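*Asks:* Once you've had a glance at the structure underneath, I'll fire off some questions.
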Amino acid sequence: PHCIEGTYGWEIRSDIAEALDEVGAQVINKPTFGSVALAEKLTVLVQEWDLKEEDLEIELIGLCTDICVVSNALLLKANFPEAVIKLDSACCAGVTPESHEAALTTMRMCQIEVV
């Protein structure tokens with residue numbers, strides 16, 4: 001079992017949590033692989049900031065490339081098809097190197113910029 005709420009493996013690392021606090025970042029808890037709440041939050045921010053979708057640039061990082069990251073990347077691309085969505089592959093890891101690469105290929109095929 002992994003990613004069980006309230007356990008050590010579920011928590012954000014303390015150094016990362018401190019950095020998030022310093023910049024006032026909002027953590028969105030997601031109940032499954034992709035986060036509808038993340039897309040909804042970004043929709044609200046785009047409206048509040050009066051941004052055009054084509055001016056929106058989103059950069060993703062995270063674990064696991066081949067499960068959660070690819071799910072969120074595709075969800076965001078579906079919600080913001082004209083936005084630039086990037087993935088920093090050096091800041092991601094998959095379950096296996098092969099599944100990581102497969103996820104990167106999938107994202108490239110769906111117009112997500114992998115750097």
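Here, A, B, ... name the chains of the structure tokens in the order displayed, residue numbers run from 1 inside each chain, and ligands are numbered from 1 in the same displayed order.
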Mind checking which residues fall within 7 Å of Asp66 (chain A), counting only C-alpha atoms, ignoring those fewer than 4 positions away in the same chain, and posting them as a ChimeraX atom specification?

*Replies:* /A:70,94-95,99-100,103

*Asks:* Kindly export the residues of the current selection with N, CA, C and O atoms, as a PDB file, in the first residue's frame.

*Replies:*
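Saved to part-v1.pdb:
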```pdb
ATOM      1  N   VAL A  70       1.011  11.981 -15.851  1.00  0.00           N
ATOM      2  CA  VAL A  70       0.398  11.897 -17.183  1.00  0.00           C
ATOM      3  C   VAL A  70      -1.108  12.130 -17.095  1.00  0.00           C
ATOM      4  O   VAL A  70      -1.694  12.789 -17.955  1.00  0.00           O
ATOM      5  N   GLY A  94       9.068   7.705 -12.840  1.00  0.00           N
ATOM      6  CA  GLY A  94       7.993   6.733 -13.029  1.00  0.00           C
ATOM      7  C   GLY A  94       8.216   5.500 -12.194  1.00  0.00           C
ATOM      8  O   GLY A  94       9.231   5.360 -11.503  1.00  0.00           O
ATOM      9  N   VAL A  95       7.275   4.594 -12.273  1.00  0.00           N
ATOM     10  CA  VAL A  95       7.378   3.329 -11.550  1.00  0.00           C
ATOM     11  C   VAL A  95       8.599   2.552 -12.043  1.00  0.00           C
ATOM     12  O   VAL A  95       9.332   1.967 -11.252  1.00  0.00           O
ATOM     13  N   SER A  99       8.295   2.676 -18.090  1.00  0.00           N
ATOM     14  CA  SER A  99       6.960   3.285 -18.017  1.00  0.00           C
ATOM     15  C   SER A  99       7.060   4.808 -17.954  1.00  0.00           C
ATOM     16  O   SER A  99       6.182   5.515 -18.466  1.00  0.00           O
ATOM     17  N   HIS A 100       8.139   5.318 -17.371  1.00  0.00           N
ATOM     18  CA  HIS A 100       8.406   6.766 -17.382  1.00  0.00           C
ATOM     19  C   HIS A 100       8.521   7.247 -18.827  1.00  0.00           C
ATOM     20  O   HIS A 100       7.877   8.219 -19.231  1.00  0.00           O
ATOM     21  N   ALA A 103       5.223   7.211 -20.692  1.00  0.00           N
ATOM     22  CA  ALA A 103       4.377   8.350 -20.326  1.00  0.00           C
ATOM     23  C   ALA A 103       4.852   9.621 -21.022  1.00  0.00           C
ATOM     24  O   ALA A 103       4.029  10.415 -21.498  1.00  0.00           O
TER      25      ALA A 103
END
```

*Asks:* So which residues of region 51-91 of chain A fall under alpha helix (DSSP H) by DSSP, listed as a ChimeraX atom specification?

*Replies:* /A:70-79

*Asks:* Export, as a PDB file, in the first residue's frame, the selected residues with all heavy atoms.

*Replies:*
```pdb
ATOM      1  N   VAL A  70       1.011  11.981 -15.851  1.00  0.00           N
ATOM      2  CA  VAL A  70       0.398  11.897 -17.183  1.00  0.00           C
ATOM      3  C   VAL A  70      -1.108  12.130 -17.095  1.00  0.00           C
ATOM      4  O   VAL A  70      -1.694  12.789 -17.955  1.00  0.00           O
ATOM      5  CB  VAL A  70       0.745  10.566 -17.898  1.00  0.00           C
ATOM      6  CG1 VAL A  70       0.059   9.375 -17.246  1.00  0.00           C
ATOM      7  CG2 VAL A  70       0.375  10.637 -19.373  1.00  0.00           C
ATOM      8  N   SER A  71      -1.753  11.651 -16.051  1.00  0.00           N
ATOM      9  CA  SER A  71      -3.193  11.866 -15.877  1.00  0.00           C
ATOM     10  C   SER A  71      -3.507  13.354 -15.763  1.00  0.00           C
ATOM     11  O   SER A  71      -4.434  13.862 -16.405  1.00  0.00           O
ATOM     12  CB  SER A  71      -3.707  11.143 -14.628  1.00  0.00           C
ATOM     13  OG  SER A  71      -3.555   9.761 -14.751  1.00  0.00           O
ATOM     14  N   ASN A  72      -2.735  14.061 -14.942  1.00  0.00           N
ATOM     15  CA  ASN A  72      -2.968  15.492 -14.769  1.00  0.00           C
ATOM     16  C   ASN A  72      -2.598  16.279 -16.016  1.00  0.00           C
ATOM     17  O   ASN A  72      -3.292  17.236 -16.381  1.00  0.00           O
ATOM     18  CB  ASN A  72      -2.226  16.016 -13.549  1.00  0.00           C
ATOM     19  CG  ASN A  72      -2.954  15.642 -12.285  1.00  0.00           C
ATOM     20  OD1 ASN A  72      -4.053  16.109 -12.037  1.00  0.00           O
ATOM     21  ND2 ASN A  72      -2.344  14.778 -11.486  1.00  0.00           N
ATOM     22  N   ALA A  73      -1.543  15.903 -16.687  1.00  0.00           N
ATOM     23  CA  ALA A  73      -1.147  16.597 -17.915  1.00  0.00           C
ATOM     24  C   ALA A  73      -2.250  16.493 -18.968  1.00  0.00           C
ATOM     25  O   ALA A  73      -2.620  17.486 -19.592  1.00  0.00           O
ATOM     26  CB  ALA A  73       0.161  16.014 -18.444  1.00  0.00           C
ATOM     27  N   LEU A  74      -2.795  15.304 -19.140  1.00  0.00           N
ATOM     28  CA  LEU A  74      -3.845  15.113 -20.137  1.00  0.00           C
ATOM     29  C   LEU A  74      -5.135  15.803 -19.731  1.00  0.00           C
ATOM     30  O   LEU A  74      -5.838  16.384 -20.566  1.00  0.00           O
ATOM     31  CB  LEU A  74      -4.074  13.621 -20.386  1.00  0.00           C
ATOM     32  CG  LEU A  74      -2.880  12.882 -20.997  1.00  0.00           C
ATOM     33  CD1 LEU A  74      -3.159  11.388 -21.090  1.00  0.00           C
ATOM     34  CD2 LEU A  74      -2.505  13.458 -22.356  1.00  0.00           C
ATOM     35  N   LEU A  75      -5.440  15.785 -18.446  1.00  0.00           N
ATOM     36  CA  LEU A  75      -6.626  16.471 -17.947  1.00  0.00           C
ATOM     37  C   LEU A  75      -6.505  17.977 -18.188  1.00  0.00           C
ATOM     38  O   LEU A  75      -7.451  18.629 -18.648  1.00  0.00           O
ATOM     39  CB  LEU A  75      -6.780  16.170 -16.460  1.00  0.00           C
ATOM     40  CG  LEU A  75      -8.074  16.607 -15.799  1.00  0.00           C
ATOM     41  CD1 LEU A  75      -8.469  15.563 -14.759  1.00  0.00           C
ATOM     42  CD2 LEU A  75      -7.917  17.937 -15.130  1.00  0.00           C
ATOM     43  N   LEU A  76      -5.335  18.531 -17.897  1.00  0.00           N
ATOM     44  CA  LEU A  76      -5.135  19.960 -18.107  1.00  0.00           C
ATOM     45  C   LEU A  76      -5.152  20.316 -19.587  1.00  0.00           C
ATOM     46  O   LEU A  76      -5.704  21.350 -19.981  1.00  0.00           O
ATOM     47  CB  LEU A  76      -3.839  20.424 -17.451  1.00  0.00           C
ATOM     48  CG  LEU A  76      -3.856  20.386 -15.919  1.00  0.00           C
ATOM     49  CD1 LEU A  76      -2.482  20.705 -15.367  1.00  0.00           C
ATOM     50  CD2 LEU A  76      -4.911  21.327 -15.359  1.00  0.00           C
ATOM     51  N   LYS A  77      -4.577  19.478 -20.424  1.00  0.00           N
ATOM     52  CA  LYS A  77      -4.593  19.743 -21.869  1.00  0.00           C
ATOM     53  C   LYS A  77      -6.021  19.688 -22.401  1.00  0.00           C
ATOM     54  O   LYS A  77      -6.396  20.482 -23.268  1.00  0.00           O
ATOM     55  CB  LYS A  77      -3.697  18.749 -22.615  1.00  0.00           C
ATOM     56  CG  LYS A  77      -3.409  19.146 -24.031  1.00  0.00           C
ATOM     57  CD  LYS A  77      -2.663  20.473 -24.095  1.00  0.00           C
ATOM     58  CE  LYS A  77      -2.280  20.858 -25.493  1.00  0.00           C
ATOM     59  NZ  LYS A  77      -1.718  22.207 -25.565  1.00  0.00           N
ATOM     60  N   ALA A  78      -6.834  18.801 -21.874  1.00  0.00           N
ATOM     61  CA  ALA A  78      -8.237  18.722 -22.288  1.00  0.00           C
ATOM     62  C   ALA A  78      -9.005  19.969 -21.861  1.00  0.00           C
ATOM     63  O   ALA A  78      -9.875  20.454 -22.587  1.00  0.00           O
ATOM     64  CB  ALA A  78      -8.888  17.467 -21.705  1.00  0.00           C
ATOM     65  N   ASN A  79      -8.683  20.514 -20.690  1.00  0.00           N
ATOM     66  CA  ASN A  79      -9.367  21.700 -20.181  1.00  0.00           C
ATOM     67  C   ASN A  79      -8.826  23.000 -20.770  1.00  0.00           C
ATOM     68  O   ASN A  79      -9.553  23.986 -20.840  1.00  0.00           O
ATOM     69  CB  ASN A  79      -9.264  21.752 -18.650  1.00  0.00           C
ATOM     70  CG  ASN A  79     -10.292  20.870 -17.998  1.00  0.00           C
ATOM     71  OD1 ASN A  79     -11.412  21.289 -17.766  1.00  0.00           O
ATOM     72  ND2 ASN A  79      -9.925  19.631 -17.723  1.00  0.00           N
TER      73      ASN A  79
END
```

*Asks:* What does the distance between CA of Ala90 (chain A) and CA of Ser14 (chain A) come to in Å, to one decimal place?

*Replies:*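 Atom-to-atom, CA of Ala90 (chain A) to CA of Ser14 (chain A), that is 20.9 Å.
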
*Asks:* Between A:Ile4, A:Ile12, A:Ile58, A:Cys68, single out the one closest to Gly34 (chain A), counting only C-alpha atoms.

*Replies:*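 Of all the options, A:Cys68 lies closest to Gly34 (chain A).
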
*Asks:* For CA of Thr65 (chain A) and CA of Ser89 (chain A), quote the distance in Å rounded to one decimal.

*Replies:*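 One can read the CA of Thr65 (chain A) to CA of Ser89 (chain A) distance as 8.3 Å.
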
*Asks:* Work out how far apart CA of Met107 (chain A) and CA of Glu5 (chain A) are and give it in Å to one decimal.

*Replies:*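 Atom-to-atom, CA of Met107 (chain A) and CA of Glu5 (chain A) are spaced 28.0 Å apart.
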
*Asks:* Just checking: using only C-alpha atoms, which residue out of A:Lys30, A:Arg13, A:Lys41, A:Lys86 ends up closest to Glu57 (chain A)?

*Replies:*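 So, comparing all the options, the nearest one is A:Lys86.
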
*Asks:* Pick the closest to Glu59 (chain A) from A:Ala37, A:Val27, A:Ala19, A:Val115: which is it, counting only C-alpha atoms?

*Replies:*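 Using only C-alpha atoms, Glu59 (chain A) sits closest to A:Val115.
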
*Asks:* Which residue gives the smallest distance to Lys52 (chain A) among A:Pro81, A:Asp88, A:Thr106, A:Ile16, with only C-alpha atoms counted?

*Replies:*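 Selected residue with least distance to Lys52 (chain A): A:Pro81.
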
*Asks:* Measuring between only C-alpha atoms, which one of A:Leu104, A:Cys91, A:Ala83, A:Leu42 shows the shortest distance to Asp55 (chain A)?

*Replies:*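 Checking each of A:Leu104, A:Cys91, A:Ala83, A:Leu42 against Asp55 (chain A), counting only C-alpha atoms, the winner is A:Ala83.
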